[in-house]
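Participant: So here's my_file-v1.cif (mmCIF, C-alpha atoms).
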```cif
data_my_file
loop_
_atom_site.label_atom_id
_atom_site.label_comp_id
_atom_site.auth_asym_id
_atom_site.auth_seq_id
_atom_site.Cartn_x
_atom_site.Cartn_y
_atom_site.Cartn_z
CA MET A 1 49.89 -82.14 -10.07
CA ASN A 2 46.99 -80.13 -8.65
CA ARG A 3 45.53 -77.62 -11.06
CA ASN A 4 42.81 -75.09 -10.39
CA TRP A 5 41.21 -75.34 -13.82
CA ARG A 6 40.17 -78.08 -16.21
CA GLN A 7 40.84 -75.91 -19.24
CA ASP A 8 43.23 -73.02 -19.76
CA MET A 9 40.83 -71.76 -22.41
CA PRO A 10 37.22 -72.91 -22.77
CA THR A 11 36.57 -75.29 -25.64
CA PRO A 12 33.66 -74.44 -27.97
CA GLN A 13 31.67 -77.21 -26.24
CA ALA A 14 32.38 -75.70 -22.83
CA TYR A 15 31.31 -72.31 -24.17
CA TRP A 16 27.88 -73.65 -25.12
CA MET A 17 27.41 -75.52 -21.84
CA ASN A 18 28.33 -72.33 -20.03
CA ARG A 19 25.93 -70.42 -22.29
CA VAL A 20 23.04 -72.62 -21.15
CA LEU A 21 23.87 -72.30 -17.45
CA PHE A 22 24.44 -68.57 -17.72
CA ASP A 23 21.21 -67.84 -19.59
CA VAL A 24 19.08 -70.03 -17.34
CA HIS A 25 20.05 -67.92 -14.34
CA HIS A 26 20.42 -64.48 -15.91
CA GLN A 27 17.76 -64.11 -18.58
CA ASP A 28 14.20 -63.34 -17.57
CA SER A 29 11.87 -66.34 -17.86
CA HIS A 30 14.68 -68.72 -18.89
CA LEU A 31 14.74 -70.55 -15.55
CA ALA A 32 11.03 -71.32 -15.83
CA ARG A 33 11.41 -72.43 -19.46
CA TYR A 34 14.36 -74.62 -18.55
CA LYS A 35 12.55 -76.24 -15.63
CA ALA A 36 9.50 -76.91 -17.78
CA SER A 37 11.58 -78.89 -20.28
CA PRO A 38 15.38 -78.90 -20.38
CA ASP A 39 15.32 -80.80 -23.69
CA ASP A 40 13.09 -78.22 -25.36
CA TYR A 41 15.13 -75.38 -23.87
CA MET A 42 18.36 -76.79 -25.35
CA LYS A 43 17.00 -78.05 -28.67
CA ASP A 44 18.77 -75.35 -30.74
CA ILE A 45 22.02 -75.39 -28.74
CA PRO A 46 24.89 -76.83 -30.84
CA LEU A 47 25.99 -79.48 -28.35
CA GLU A 48 26.25 -83.23 -28.71
CA ALA A 49 23.53 -85.25 -26.99
CA ALA A 50 25.76 -86.53 -24.19
CA LEU A 51 26.69 -83.02 -23.07
CA LYS A 52 23.06 -81.86 -23.20
CA ALA A 53 22.18 -84.93 -21.14
CA ALA A 54 24.83 -84.03 -18.55
CA ILE A 55 23.13 -80.66 -18.09
CA ARG A 56 19.59 -82.05 -18.13
CA ASP A 57 20.42 -84.84 -15.66
CA ASN A 58 22.30 -82.54 -13.28
CA ASP A 59 25.41 -84.68 -13.74
CA ILE A 60 27.69 -82.34 -11.84
CA GLY A 61 30.83 -84.39 -12.33
CA ALA A 62 30.30 -84.72 -16.08
CA MET A 63 29.79 -80.98 -16.39
CA TYR A 64 32.96 -80.35 -14.37
CA LEU A 65 34.96 -82.75 -16.52
CA ALA A 66 33.60 -81.12 -19.69
CA GLY A 67 35.07 -77.80 -18.57
CA VAL A 68 32.00 -75.93 -17.35
CA ASN A 69 33.03 -72.82 -15.44
CA PRO A 70 32.99 -73.77 -11.74
CA TYR A 71 31.22 -70.58 -10.68
CA LEU A 72 28.43 -71.19 -13.18
CA LEU A 73 28.26 -74.79 -12.03
CA ARG A 74 28.01 -73.78 -8.38
CA ALA A 75 25.39 -71.11 -9.07
CA HIS A 76 23.39 -73.56 -11.19
CA CYS A 77 23.26 -76.04 -8.33
CA LEU A 78 22.29 -73.40 -5.79
CA GLY A 79 19.67 -72.05 -8.17
CA LEU A 80 18.16 -75.51 -8.77
CA HIS A 81 18.43 -76.43 -5.06
CA ILE A 82 20.53 -79.51 -5.77
CA PRO A 83 21.42 -81.07 -2.39
CA GLU A 84 24.92 -80.22 -1.22
CA LYS A 85 25.72 -83.88 -0.55
CA THR A 86 24.79 -84.83 -4.12
CA PHE A 87 26.83 -81.94 -5.48
CA LEU A 88 29.97 -82.83 -3.53
CA GLU A 89 29.74 -86.58 -4.13
CA SER A 90 29.48 -86.07 -7.87
CA LEU A 91 32.53 -83.81 -7.83
CA ARG A 92 34.54 -86.30 -5.76
CA ALA A 93 33.68 -89.08 -8.22
CA ALA A 94 34.78 -86.86 -11.09
CA GLY A 95 38.02 -86.24 -9.26
CA ALA A 96 38.68 -89.97 -9.01
CA GLN A 97 38.02 -90.29 -12.74
CA GLN A 98 40.33 -87.36 -13.42
CA GLU A 99 43.13 -88.98 -11.43
CA GLU A 100 42.65 -92.25 -13.25
CA GLU A 101 42.87 -90.45 -16.60
CA ALA A 102 46.05 -88.72 -15.44
CA SER A 103 47.62 -92.00 -14.30
CA HIS A 104 47.04 -93.43 -17.78
CA GLY A 105 48.81 -90.42 -19.32
CA MET B 1 44.43 -34.22 -4.01
CA ALA B 2 42.84 -37.27 -2.43
CA GLU B 3 44.39 -39.05 0.50
CA ILE B 4 44.18 -42.83 0.80
CA VAL B 5 42.83 -43.09 4.32
CA SER B 6 42.49 -46.85 4.72
CA ILE B 7 43.33 -50.10 2.93
CA HIS B 8 41.81 -53.44 3.92
CA ALA B 9 41.32 -56.90 2.48
CA THR B 10 38.80 -59.58 3.40
CA SER B 11 37.68 -62.96 2.20
CA HIS B 12 34.18 -63.34 0.85
CA THR B 13 31.91 -66.30 0.25
CA PRO B 14 28.16 -66.54 -0.33
CA VAL B 15 28.14 -69.39 2.17
CA MET B 16 28.57 -66.82 4.95
CA ILE B 17 25.20 -65.41 3.96
CA ASN B 18 23.35 -68.50 2.80
CA PHE B 19 24.57 -71.05 5.33
CA PRO B 20 25.96 -69.09 8.30
CA ASP B 21 25.02 -71.90 10.69
CA ALA B 22 27.26 -74.39 8.90
CA ILE B 23 30.01 -73.56 11.41
CA PRO B 24 30.08 -73.40 15.23
CA SER B 25 28.47 -70.24 16.61
CA GLU B 26 31.64 -69.09 18.40
CA ASP B 27 33.58 -69.21 15.12
CA ARG B 28 30.80 -67.39 13.29
CA GLN B 29 30.63 -64.70 15.95
CA ALA B 30 34.39 -64.17 15.84
CA ILE B 31 34.39 -63.87 12.05
CA PHE B 32 31.44 -61.52 11.93
CA ALA B 33 33.06 -59.43 14.68
CA ALA B 34 36.22 -59.21 12.57
CA PHE B 35 34.18 -57.94 9.63
CA ARG B 36 32.49 -55.37 11.86
CA SER B 37 35.89 -54.20 13.10
CA VAL B 38 37.00 -53.67 9.51
CA GLY B 39 33.82 -51.69 8.87
CA GLU B 40 34.42 -49.59 11.96
CA ASP B 41 38.00 -48.94 10.82
CA ILE B 42 36.88 -47.82 7.38
CA LEU B 43 34.02 -45.64 8.58
CA ALA B 44 36.31 -44.07 11.19
CA ALA B 45 38.61 -43.03 8.34
CA ARG B 46 35.67 -41.04 6.89
CA PRO B 47 36.20 -41.90 3.22
CA ASP B 48 34.33 -39.98 0.54
CA ALA B 49 34.48 -43.13 -1.57
CA VAL B 50 35.67 -46.72 -1.30
CA VAL B 51 37.36 -48.47 -4.21
CA VAL B 52 36.21 -52.08 -3.86
CA ILE B 53 38.56 -54.48 -5.63
CA SER B 54 36.71 -57.70 -6.29
CA ASP B 55 35.74 -60.08 -9.07
CA ASP B 56 32.59 -60.71 -11.04
CA HIS B 57 31.59 -64.36 -10.63
CA VAL B 58 30.32 -64.71 -14.21
CA HIS B 59 27.22 -62.57 -13.77
CA ASN B 60 27.94 -59.28 -15.53
CA PHE B 61 30.62 -60.79 -17.75
CA PHE B 62 30.51 -63.90 -19.90
CA MET B 63 32.78 -65.54 -22.42
CA ASP B 64 31.30 -63.28 -25.10
CA ASN B 65 33.42 -60.47 -23.69
CA PHE B 66 35.36 -61.04 -20.47
CA PRO B 67 37.57 -58.18 -19.26
CA ALA B 68 40.75 -58.82 -17.29
CA PHE B 69 40.14 -55.56 -15.41
CA CYS B 70 36.98 -53.48 -15.38
CA ILE B 71 36.38 -50.15 -13.66
CA GLY B 72 32.84 -49.23 -12.63
CA ALA B 73 31.80 -45.69 -13.48
CA ALA B 74 28.15 -45.64 -12.47
CA ALA B 75 26.25 -43.44 -10.05
CA SER B 76 24.65 -46.48 -8.42
CA TYR B 77 24.89 -50.26 -8.40
CA PRO B 78 21.97 -52.62 -7.78
CA THR B 79 22.97 -55.73 -5.83
CA PRO B 80 22.99 -58.68 -5.47
CA VAL B 81 22.74 -60.09 -8.96
CA GLU B 82 22.35 -63.65 -7.60
CA HIS B 83 18.67 -64.58 -7.26
CA TRP B 84 19.71 -67.29 -4.81
CA LEU B 85 21.70 -65.11 -2.39
CA LYS B 86 19.85 -64.67 0.88
CA VAL B 87 20.27 -60.96 1.37
CA ASP B 88 17.94 -58.05 0.70
CA LYS B 89 18.03 -56.43 -2.72
CA GLN B 90 19.56 -52.99 -2.39
CA THR B 91 21.34 -50.27 -4.32
CA LEU B 92 24.86 -49.16 -3.49
CA ARG B 93 25.80 -45.55 -4.04
CA GLY B 94 28.50 -45.15 -6.70
CA ASP B 95 31.09 -42.48 -7.43
CA ALA B 96 30.99 -42.15 -11.20
CA ALA B 97 33.45 -39.26 -11.30
CA LEU B 98 36.13 -41.17 -9.42
CA GLY B 99 35.55 -44.19 -11.66
CA ALA B 100 35.99 -41.96 -14.72
CA HIS B 101 39.19 -40.49 -13.26
CA LEU B 102 40.68 -43.94 -12.68
CA LEU B 103 39.72 -45.02 -16.17
CA GLY B 104 41.37 -42.02 -17.79
CA GLU B 105 44.49 -42.28 -15.66
CA ALA B 106 44.77 -45.99 -16.41
CA LEU B 107 44.58 -45.49 -20.16
CA ASN B 108 47.20 -42.76 -19.95
CA SER B 109 49.47 -44.95 -17.82
CA GLY B 110 49.83 -48.04 -19.96
CA PHE B 111 46.82 -49.99 -18.64
CA ASP B 112 43.85 -51.05 -20.75
CA PRO B 113 40.82 -51.66 -18.54
CA SER B 114 37.29 -51.98 -19.76
CA PHE B 115 34.66 -49.90 -18.05
CA SER B 116 31.02 -50.34 -17.21
CA MET B 117 28.27 -47.92 -16.29
CA ASN B 118 25.78 -50.74 -15.72
CA LEU B 119 26.89 -53.34 -13.22
CA THR B 120 24.64 -55.35 -10.94
CA LEU B 121 27.18 -56.32 -8.33
CA ASP B 122 27.42 -59.78 -6.82
CA HIS B 123 28.31 -61.28 -3.46
CA GLY B 124 31.99 -60.47 -3.98
CA VAL B 125 31.32 -56.80 -3.36
CA LEU B 126 28.19 -57.03 -1.24
CA THR B 127 29.18 -59.69 1.29
CA PRO B 128 32.05 -57.79 2.94
CA LEU B 129 30.17 -54.48 2.85
CA HIS B 130 27.11 -56.17 4.36
CA LEU B 131 29.02 -57.99 7.09
CA ALA B 132 31.07 -54.87 7.82
CA GLU B 133 27.75 -53.05 8.23
CA MET B 134 28.73 -50.25 5.87
CA ALA B 135 26.84 -50.99 2.65
CA ALA B 136 24.49 -48.05 3.12
CA ASP B 137 27.15 -45.65 4.34
CA VAL B 138 29.70 -45.43 1.53
CA ALA B 139 29.97 -44.61 -2.15
CA VAL B 140 31.81 -47.31 -4.06
CA VAL B 141 33.92 -47.62 -7.18
CA PRO B 142 34.24 -51.27 -8.21
CA LEU B 143 37.49 -52.47 -9.75
CA LEU B 144 36.71 -55.97 -10.99
CA VAL B 145 39.60 -58.34 -11.70
CA ASN B 146 39.11 -61.56 -13.62
CA CYS B 147 39.89 -64.29 -11.09
CA VAL B 148 37.24 -66.74 -12.26
CA GLN B 149 37.67 -67.66 -15.91
CA PRO B 150 41.00 -68.53 -17.52
CA PRO B 151 43.00 -67.12 -19.08
CA LEU B 152 43.61 -64.94 -16.03
CA PRO B 153 45.84 -61.87 -15.72
CA PRO B 154 49.18 -62.72 -14.08
CA MET B 155 49.71 -62.08 -10.37
CA SER B 156 52.46 -59.61 -11.30
CA ARG B 157 49.94 -57.57 -13.27
CA ALA B 158 47.69 -57.31 -10.23
CA LEU B 159 50.53 -55.82 -8.23
CA GLN B 160 51.29 -53.38 -11.06
CA TRP B 161 47.63 -52.37 -11.10
CA GLY B 162 47.82 -51.61 -7.41
CA GLN B 163 50.91 -49.47 -7.83
CA PHE B 164 49.05 -47.54 -10.51
CA LEU B 165 45.90 -47.32 -8.39
CA GLY B 166 47.76 -45.78 -5.46
CA LYS B 167 49.18 -43.02 -7.63
CA ALA B 168 45.93 -42.42 -9.52
CA LEU B 169 43.89 -42.05 -6.35
CA GLN B 170 46.35 -39.59 -4.90
CA SER B 171 46.13 -37.46 -8.05
CA TYR B 172 42.34 -37.18 -7.81
CA GLN B 173 41.01 -33.72 -7.08
CA GLY B 174 37.31 -34.58 -6.87
CA CYS B 175 37.34 -35.55 -3.19
CA GLY B 176 39.67 -35.59 -0.25
CA ARG B 177 39.54 -39.06 1.27
CA VAL B 178 39.44 -42.49 -0.38
CA SER B 179 39.54 -46.01 1.05
CA ILE B 180 40.47 -49.28 -0.61
CA LEU B 181 38.80 -52.60 0.19
CA ALA B 182 39.98 -55.77 -1.55
CA THR B 183 37.84 -58.88 -1.30
CA GLY B 184 38.30 -62.56 -2.17
CA GLY B 185 40.24 -65.72 -1.32
CA ILE B 186 42.02 -66.99 0.50
CA SER B 187 42.33 -70.78 -0.08
CA HIS B 188 39.17 -72.48 -1.33
CA ASP B 189 37.80 -74.49 -4.18
CA ILE B 190 34.55 -73.84 -5.97
CA ALA B 191 32.87 -76.77 -7.73
CA THR B 192 35.95 -78.95 -8.06
CA PRO B 193 36.71 -82.37 -6.61
CA ARG B 194 38.75 -80.58 -3.91
CA MET B 195 35.83 -78.44 -2.74
CA GLY B 196 35.89 -78.34 1.05
CA LEU B 197 39.65 -78.70 1.30
CA LEU B 198 41.64 -75.71 2.52
CA ASN B 199 45.33 -74.89 2.47
CA GLU B 200 46.11 -73.05 5.69
CA GLN B 201 49.83 -73.22 5.03
CA PHE B 202 49.33 -71.30 1.79
CA ASP B 203 47.05 -68.77 3.45
CA ARG B 204 49.40 -68.07 6.33
CA ARG B 205 52.46 -67.86 4.08
CA PHE B 206 50.67 -65.50 1.71
CA MET B 207 49.62 -63.22 4.56
CA SER B 208 53.12 -63.39 6.00
CA LEU B 209 54.63 -62.32 2.68
CA LEU B 210 52.18 -59.42 2.46
CA GLY B 211 53.75 -58.18 5.68
CA ALA B 212 57.31 -58.63 4.45
CA ASP B 213 59.27 -56.24 2.32
CA ASP B 214 59.83 -58.44 -0.71
CA ASP B 215 57.27 -58.02 -3.48
CA ALA B 216 59.19 -60.30 -5.83
CA ALA B 217 58.92 -63.14 -3.32
CA LEU B 218 55.22 -62.36 -2.75
CA VAL B 219 54.36 -62.48 -6.44
CA ALA B 220 56.49 -65.56 -7.03
CA TYR B 221 54.79 -67.39 -4.17
CA ALA B 222 51.33 -66.42 -5.37
CA THR B 223 52.14 -67.48 -8.92
CA ASP B 224 53.88 -70.72 -8.10
CA HIS B 225 51.55 -72.00 -5.38
CA VAL B 226 48.04 -70.81 -6.20
CA ASN B 227 47.25 -74.16 -7.79
CA GLU B 228 47.77 -75.75 -4.38
CA ALA B 229 45.22 -73.44 -2.78
CA GLY B 230 42.20 -73.83 -5.05
CA ASN B 231 40.49 -71.96 -7.83
CA GLY B 232 38.95 -69.58 -5.29
CA ALA B 233 42.44 -68.61 -4.19
CA GLU B 234 42.92 -67.01 -7.59
CA GLU B 235 41.10 -64.09 -5.94
CA ILE B 236 44.29 -63.15 -4.11
CA ARG B 237 44.85 -60.94 -7.15
CA THR B 238 42.57 -58.46 -5.39
CA TRP B 239 44.82 -58.49 -2.31
CA LEU B 240 47.83 -57.91 -4.56
CA VAL B 241 46.15 -54.87 -6.08
CA ALA B 242 45.55 -53.48 -2.59
CA HIS B 243 49.12 -54.30 -1.65
CA GLY B 244 50.46 -52.47 -4.68
CA ALA B 245 48.48 -49.39 -3.72
CA ALA B 246 49.74 -49.65 -0.14
CA ARG B 247 53.34 -49.74 -1.35
CA SER B 248 52.93 -46.23 -2.75
CA LEU B 249 52.25 -45.13 0.84
CA LYS B 250 54.87 -47.39 2.40
CA ALA B 251 51.97 -48.84 4.39
CA ARG B 252 52.71 -52.20 5.97
CA PHE B 253 50.26 -55.12 6.09
CA GLU B 254 49.07 -56.65 9.32
CA PRO B 255 46.57 -59.50 9.68
CA VAL B 256 43.29 -58.78 11.44
CA TYR B 257 41.97 -62.34 11.52
CA TYR B 258 42.59 -65.74 10.02
CA GLN B 259 40.93 -69.10 10.37
CA GLY B 260 40.52 -72.00 7.98
CA VAL B 261 36.76 -72.53 8.00
CA ALA B 262 36.03 -75.88 6.42
CA GLY B 263 32.30 -75.54 7.06
CA TRP B 264 32.28 -72.49 4.80
CA TYR B 265 34.77 -74.13 2.40
CA THR B 266 37.11 -71.14 2.78
CA GLY B 267 40.24 -69.90 4.46
CA ILE B 268 38.79 -66.73 5.99
CA GLY B 269 41.33 -63.94 6.22
CA LEU B 270 41.05 -60.23 6.95
CA GLY B 271 43.86 -57.70 7.06
CA ARG B 272 44.77 -54.06 6.88
CA TRP B 273 47.64 -51.93 5.69
CA ASN B 274 48.69 -49.25 8.14
CA THR B 275 48.16 -45.98 6.33
CA ALA B 276 49.22 -42.74 7.97
CA ALA B 277 45.57 -41.73 8.35
CA GLY B 278 44.41 -45.16 9.48
#
```
Would you encode the structure as structure tokens?

Facilitator:
Amino acid sequence: MNRNWRQDMPTPQAYWMNRVLFDVHHQDSHLARYKASPDDYMKDIPLEAALKAAIRDNDIGAMYLAGVNPYLLRAHCLGLHIPEKTFLESLRAAGAQQEEEASHG
Amino acid sequence: MAEIVSIHATSHTPVMINFPDAIPSEDRQAIFAAFRSVGEDILAARPDAVVVISDDHVHNFFMDNFPAFCIGAAASYPTPVEHWLKVDKQTLRGDAALGAHLLGEALNSGFDPSFSMNLTLDHGVLTPLHLAEMAADVAVVPLLVNCVQPPLPPMSRALQWGQFLGKALQSYQGCGRVSILATGGISHDIATPRMGLLNEQFDRRFMSLLGADDDAALVAYATDHVNEAGNGAEEIRTWLVAHGAARSLKARFEPVYYQGVAGWYTGIGLGRWNTAAG
């Protein structure tokens, strides 16, 4: 069944991923700090390494699957000038993974 | 007492501003002309203020404190908040007194909105005003509905809000003429695997039901089928608010324009409710 949202309520992990994306694009100087070193920027964020890596590596599909708010995800990609083709392909791949998960119950 | 002199609804998407050339020029010209016609309609109604029903796309609000409904009560609103939106920074004139009136009436009528006197508005408000060429000509009162971060208010609540809004505006003594502009939807997906897919059947059925005389069927359809139309379609809550307000005037909906625009990832719809003044 099609659903508009990955999560009906953000998980604590999704909250912190959203926190990073929100602050990078809304707090003065954060975008520059993030671009200089995503790892340093996120060093005090209470997220497991794989989720920090998804953000750092611009793994759009992984961020989607982890429950990142889609509007923050879209704005992040526009703000970082991630190519549209890359953005869409990553989401399509995540969709295939999502369907496979669903088919396995 | 204020008269509601016009009620309109339009889609919005930042793609219209950032990537206008992503669609054929004849389509773009037709869409922009439709927005201009809505602007001409509204300005011809000579409103003292325009209540703009939209959503905040996670710019002013975050999961620290995310209101289901928020009324703006500021004298002015800087916009756009998005540093990546390709439109000039500007300041919209606000109507703080009307915002305060709506807030008070809401709290006394069984509604519990938040309020803000410091909003930097995003493309949801600015895009339709900009394309309708009226951003500099009107005072606005934003009514922001959470359509972007679950848990979301039910579709039925949006209609109830509109019914309240219609009465509250008509009880206002601070000005004589008020317009309503709802913005958002219709079918589209933002940052999901379905992004780029539209659901024209949903869009056309939704607009058809807006023009029918069966609010129960309208709300049921919106509730039961929004998951087939994309997360961006959750913004039809703004249209339901406008529709609820129109019901208090017995104003009937008529479409102004519709086209599924895959190049902009969005089912682009515009419509109006026939008010006595409009």

Participant: Residues around (41.6, -39.0, 0.1), cut-off 8 Å, counting all atoms listed in the file - what are they as a PyMOL selection string?

Facilitator: chain B and resi 1-5+47-48+169-170+175-179

Participant: Distance cut-off 9 Å, counting all atoms listed in the file - which residues of chain B neighbour chain A? Return them as a PyMOL selection string.

Facilitator: chain B and resi 57-59+62-63+81-85+148-152+189-196+226-234

Participant: Could you please take those selected residues and save C-alpha atoms as a PDB file, in the coordinates of the input?

Facilitator:
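See again_31.pdb below for the written result:
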```pdb
ATOM      1  CA  HIS B  57      31.590 -64.360 -10.630  1.00  0.00           C
ATOM      2  CA  VAL B  58      30.320 -64.710 -14.210  1.00  0.00           C
ATOM      3  CA  HIS B  59      27.220 -62.570 -13.770  1.00  0.00           C
ATOM      4  CA  PHE B  62      30.510 -63.900 -19.900  1.00  0.00           C
ATOM      5  CA  MET B  63      32.780 -65.540 -22.420  1.00  0.00           C
ATOM      6  CA  VAL B  81      22.740 -60.090  -8.960  1.00  0.00           C
ATOM      7  CA  GLU B  82      22.350 -63.650  -7.600  1.00  0.00           C
ATOM      8  CA  HIS B  83      18.670 -64.580  -7.260  1.00  0.00           C
ATOM      9  CA  TRP B  84      19.710 -67.290  -4.810  1.00  0.00           C
ATOM     10  CA  LEU B  85      21.700 -65.110  -2.390  1.00  0.00           C
ATOM     11  CA  VAL B 148      37.240 -66.740 -12.260  1.00  0.00           C
ATOM     12  CA  GLN B 149      37.670 -67.660 -15.910  1.00  0.00           C
ATOM     13  CA  PRO B 150      41.000 -68.530 -17.520  1.00  0.00           C
ATOM     14  CA  PRO B 151      43.000 -67.120 -19.080  1.00  0.00           C
ATOM     15  CA  LEU B 152      43.610 -64.940 -16.030  1.00  0.00           C
ATOM     16  CA  ASP B 189      37.800 -74.490  -4.180  1.00  0.00           C
ATOM     17  CA  ILE B 190      34.550 -73.840  -5.970  1.00  0.00           C
ATOM     18  CA  ALA B 191      32.870 -76.770  -7.730  1.00  0.00           C
ATOM     19  CA  THR B 192      35.950 -78.950  -8.060  1.00  0.00           C
ATOM     20  CA  PRO B 193      36.710 -82.370  -6.610  1.00  0.00           C
ATOM     21  CA  ARG B 194      38.750 -80.580  -3.910  1.00  0.00           C
ATOM     22  CA  MET B 195      35.830 -78.440  -2.740  1.00  0.00           C
ATOM     23  CA  GLY B 196      35.890 -78.340   1.050  1.00  0.00           C
ATOM     24  CA  VAL B 226      48.040 -70.810  -6.200  1.00  0.00           C
ATOM     25  CA  ASN B 227      47.250 -74.160  -7.790  1.00  0.00           C
ATOM     26  CA  GLU B 228      47.770 -75.750  -4.380  1.00  0.00           C
ATOM     27  CA  ALA B 229      45.220 -73.440  -2.780  1.00  0.00           C
ATOM     28  CA  GLY B 230      42.200 -73.830  -5.050  1.00  0.00           C
ATOM     29  CA  ASN B 231      40.490 -71.960  -7.830  1.00  0.00           C
ATOM     30  CA  GLY B 232      38.950 -69.580  -5.290  1.00  0.00           C
ATOM     31  CA  ALA B 233      42.440 -68.610  -4.190  1.00  0.00           C
ATOM     32  CA  GLU B 234      42.920 -67.010  -7.590  1.00  0.00           C
TER      33      GLU B 234
END
```

Participant: Between atom CA of B:Ser54 and atom CA of B:Lys250, what distance in Å does the model show, to one decimal?

Facilitator: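 Calculated distance between atom CA of B:Ser54 and atom CA of B:Lys250 is 22.6 Å.
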
Participant: Within 6 Å of stretch 108-119 of chain B, counting only C-alpha atoms, which residues show up once you throw out same-chain ones fewer than 6 positions away? Write them as a compact mmCIF listing (two decimals) with C-alpha atoms, in the coordinates of the input, please.

Facilitator:
```txt
# COMPACT_ATOMS: atom_id res chain seq x y z
CA PHE B 69 40.14 -55.56 -15.41
CA CYS B 70 36.98 -53.48 -15.38
CA ILE B 71 36.38 -50.15 -13.66
CA GLY B 72 32.84 -49.23 -12.63
CA ALA B 73 31.80 -45.69 -13.48
CA ALA B 74 28.15 -45.64 -12.47
```

Participant: Which of these, B:Val51, B:Ala246, B:Asn60, B:Met207, has the shortest distance to A:Gln27 once you count all atoms listed in the file?

Facilitator: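 Closest to A:Gln27, using all atoms listed in the file: B:Asn60.
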
Participant: Please tell me which residues are no farther than 9 Å from (25.8, -74.1, -26.0) in the file, counting all atoms listed in the file, and write them as a PyMOL selection string.

Facilitator: chain A and resi 12-21+42+44-47+52

Participant: To one decimal in Å, tell me the separation between atom CA of B:Ile42 and atom CA of B:Ile7.

Facilitator: 8.2 Å

Participant: Check which residues satisfy the PyMOL selection byres ((chain B and resi 142) around 12) in the file shown, then give them as an mmCIF file with C-alpha atoms, in the coordinates of the input.

Facilitator:
```cif
data_model
loop_
_atom_site.group_PDB
_atom_site.id
_atom_site.type_symbol
_atom_site.label_atom_id
_atom_site.label_comp_id
_atom_site.auth_asym_id
_atom_site.auth_seq_id
_atom_site.Cartn_x
_atom_site.Cartn_y
_atom_site.Cartn_z
ATOM 1 C CA ALA B 49 34.480 -43.130 -1.570
ATOM 2 C CA VAL B 50 35.670 -46.720 -1.300
ATOM 3 C CA VAL B 51 37.360 -48.470 -4.210
ATOM 4 C CA VAL B 52 36.210 -52.080 -3.860
ATOM 5 C CA ILE B 53 38.560 -54.480 -5.630
ATOM 6 C CA SER B 54 36.710 -57.700 -6.290
ATOM 7 C CA ASP B 55 35.740 -60.080 -9.070
ATOM 8 C CA ASP B 56 32.590 -60.710 -11.040
ATOM 9 C CA PHE B 69 40.140 -55.560 -15.410
ATOM 10 C CA CYS B 70 36.980 -53.480 -15.380
ATOM 11 C CA ILE B 71 36.380 -50.150 -13.660
ATOM 12 C CA GLY B 72 32.840 -49.230 -12.630
ATOM 13 C CA ALA B 73 31.800 -45.690 -13.480
ATOM 14 C CA ALA B 74 28.150 -45.640 -12.470
ATOM 15 C CA ALA B 75 26.250 -43.440 -10.050
ATOM 16 C CA SER B 76 24.650 -46.480 -8.420
ATOM 17 C CA TYR B 77 24.890 -50.260 -8.400
ATOM 18 C CA LEU B 92 24.860 -49.160 -3.490
ATOM 19 C CA ARG B 93 25.800 -45.550 -4.040
ATOM 20 C CA GLY B 94 28.500 -45.150 -6.700
ATOM 21 C CA ASP B 95 31.090 -42.480 -7.430
ATOM 22 C CA ALA B 96 30.990 -42.150 -11.200
ATOM 23 C CA LEU B 98 36.130 -41.170 -9.420
ATOM 24 C CA GLY B 99 35.550 -44.190 -11.660
ATOM 25 C CA ALA B 100 35.990 -41.960 -14.720
ATOM 26 C CA LEU B 102 40.680 -43.940 -12.680
ATOM 27 C CA LEU B 103 39.720 -45.020 -16.170
ATOM 28 C CA SER B 114 37.290 -51.980 -19.760
ATOM 29 C CA PHE B 115 34.660 -49.900 -18.050
ATOM 30 C CA SER B 116 31.020 -50.340 -17.210
ATOM 31 C CA MET B 117 28.270 -47.920 -16.290
ATOM 32 C CA ASN B 118 25.780 -50.740 -15.720
ATOM 33 C CA LEU B 119 26.890 -53.340 -13.220
ATOM 34 C CA THR B 120 24.640 -55.350 -10.940
ATOM 35 C CA LEU B 121 27.180 -56.320 -8.330
ATOM 36 C CA ASP B 122 27.420 -59.780 -6.820
ATOM 37 C CA GLY B 124 31.990 -60.470 -3.980
ATOM 38 C CA VAL B 125 31.320 -56.800 -3.360
ATOM 39 C CA LEU B 126 28.190 -57.030 -1.240
ATOM 40 C CA ALA B 139 29.970 -44.610 -2.150
ATOM 41 C CA VAL B 140 31.810 -47.310 -4.060
ATOM 42 C CA VAL B 141 33.920 -47.620 -7.180
ATOM 43 C CA LEU B 143 37.490 -52.470 -9.750
ATOM 44 C CA LEU B 144 36.710 -55.970 -10.990
ATOM 45 C CA VAL B 145 39.600 -58.340 -11.700
ATOM 46 C CA SER B 179 39.540 -46.010 1.050
ATOM 47 C CA ILE B 180 40.470 -49.280 -0.610
ATOM 48 C CA LEU B 181 38.800 -52.600 0.190
ATOM 49 C CA ALA B 182 39.980 -55.770 -1.550
ATOM 50 C CA THR B 183 37.840 -58.880 -1.300
ATOM 51 C CA THR B 238 42.570 -58.460 -5.390
#
```

Participant: Taking the file above as input, evaluate the PyMOL selection byres ((chain B and resi 90) around 6) and report the hits as a list of chain:residue names.

Facilitator: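 Selected by the PyMOL selection byres ((chain B and resi 90) around 6) in this file: B:Pro78, B:Thr79, B:Lys89, B:Thr91.
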
Participant: So the first atom is atom CA of B:Gly185 and the second is atom CA of B:Ile17; what is the distance between them in Å, to one decimal place?

Facilitator: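 According to the coordinates, atom CA of B:Gly185 and atom CA of B:Ile17 are separated by 15.9 Å.
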
Participant: Got a sec to resolve the PyMOL selection byres ((chain B and resi 272) around 12) on this structure and send the residues as a PyMOL selection string?

Facilitator: chain B and resi 5-10+34-35+37-39+41-42+179-183+207+210-211+239+242-243+246+251-257+269-271+273-275+278
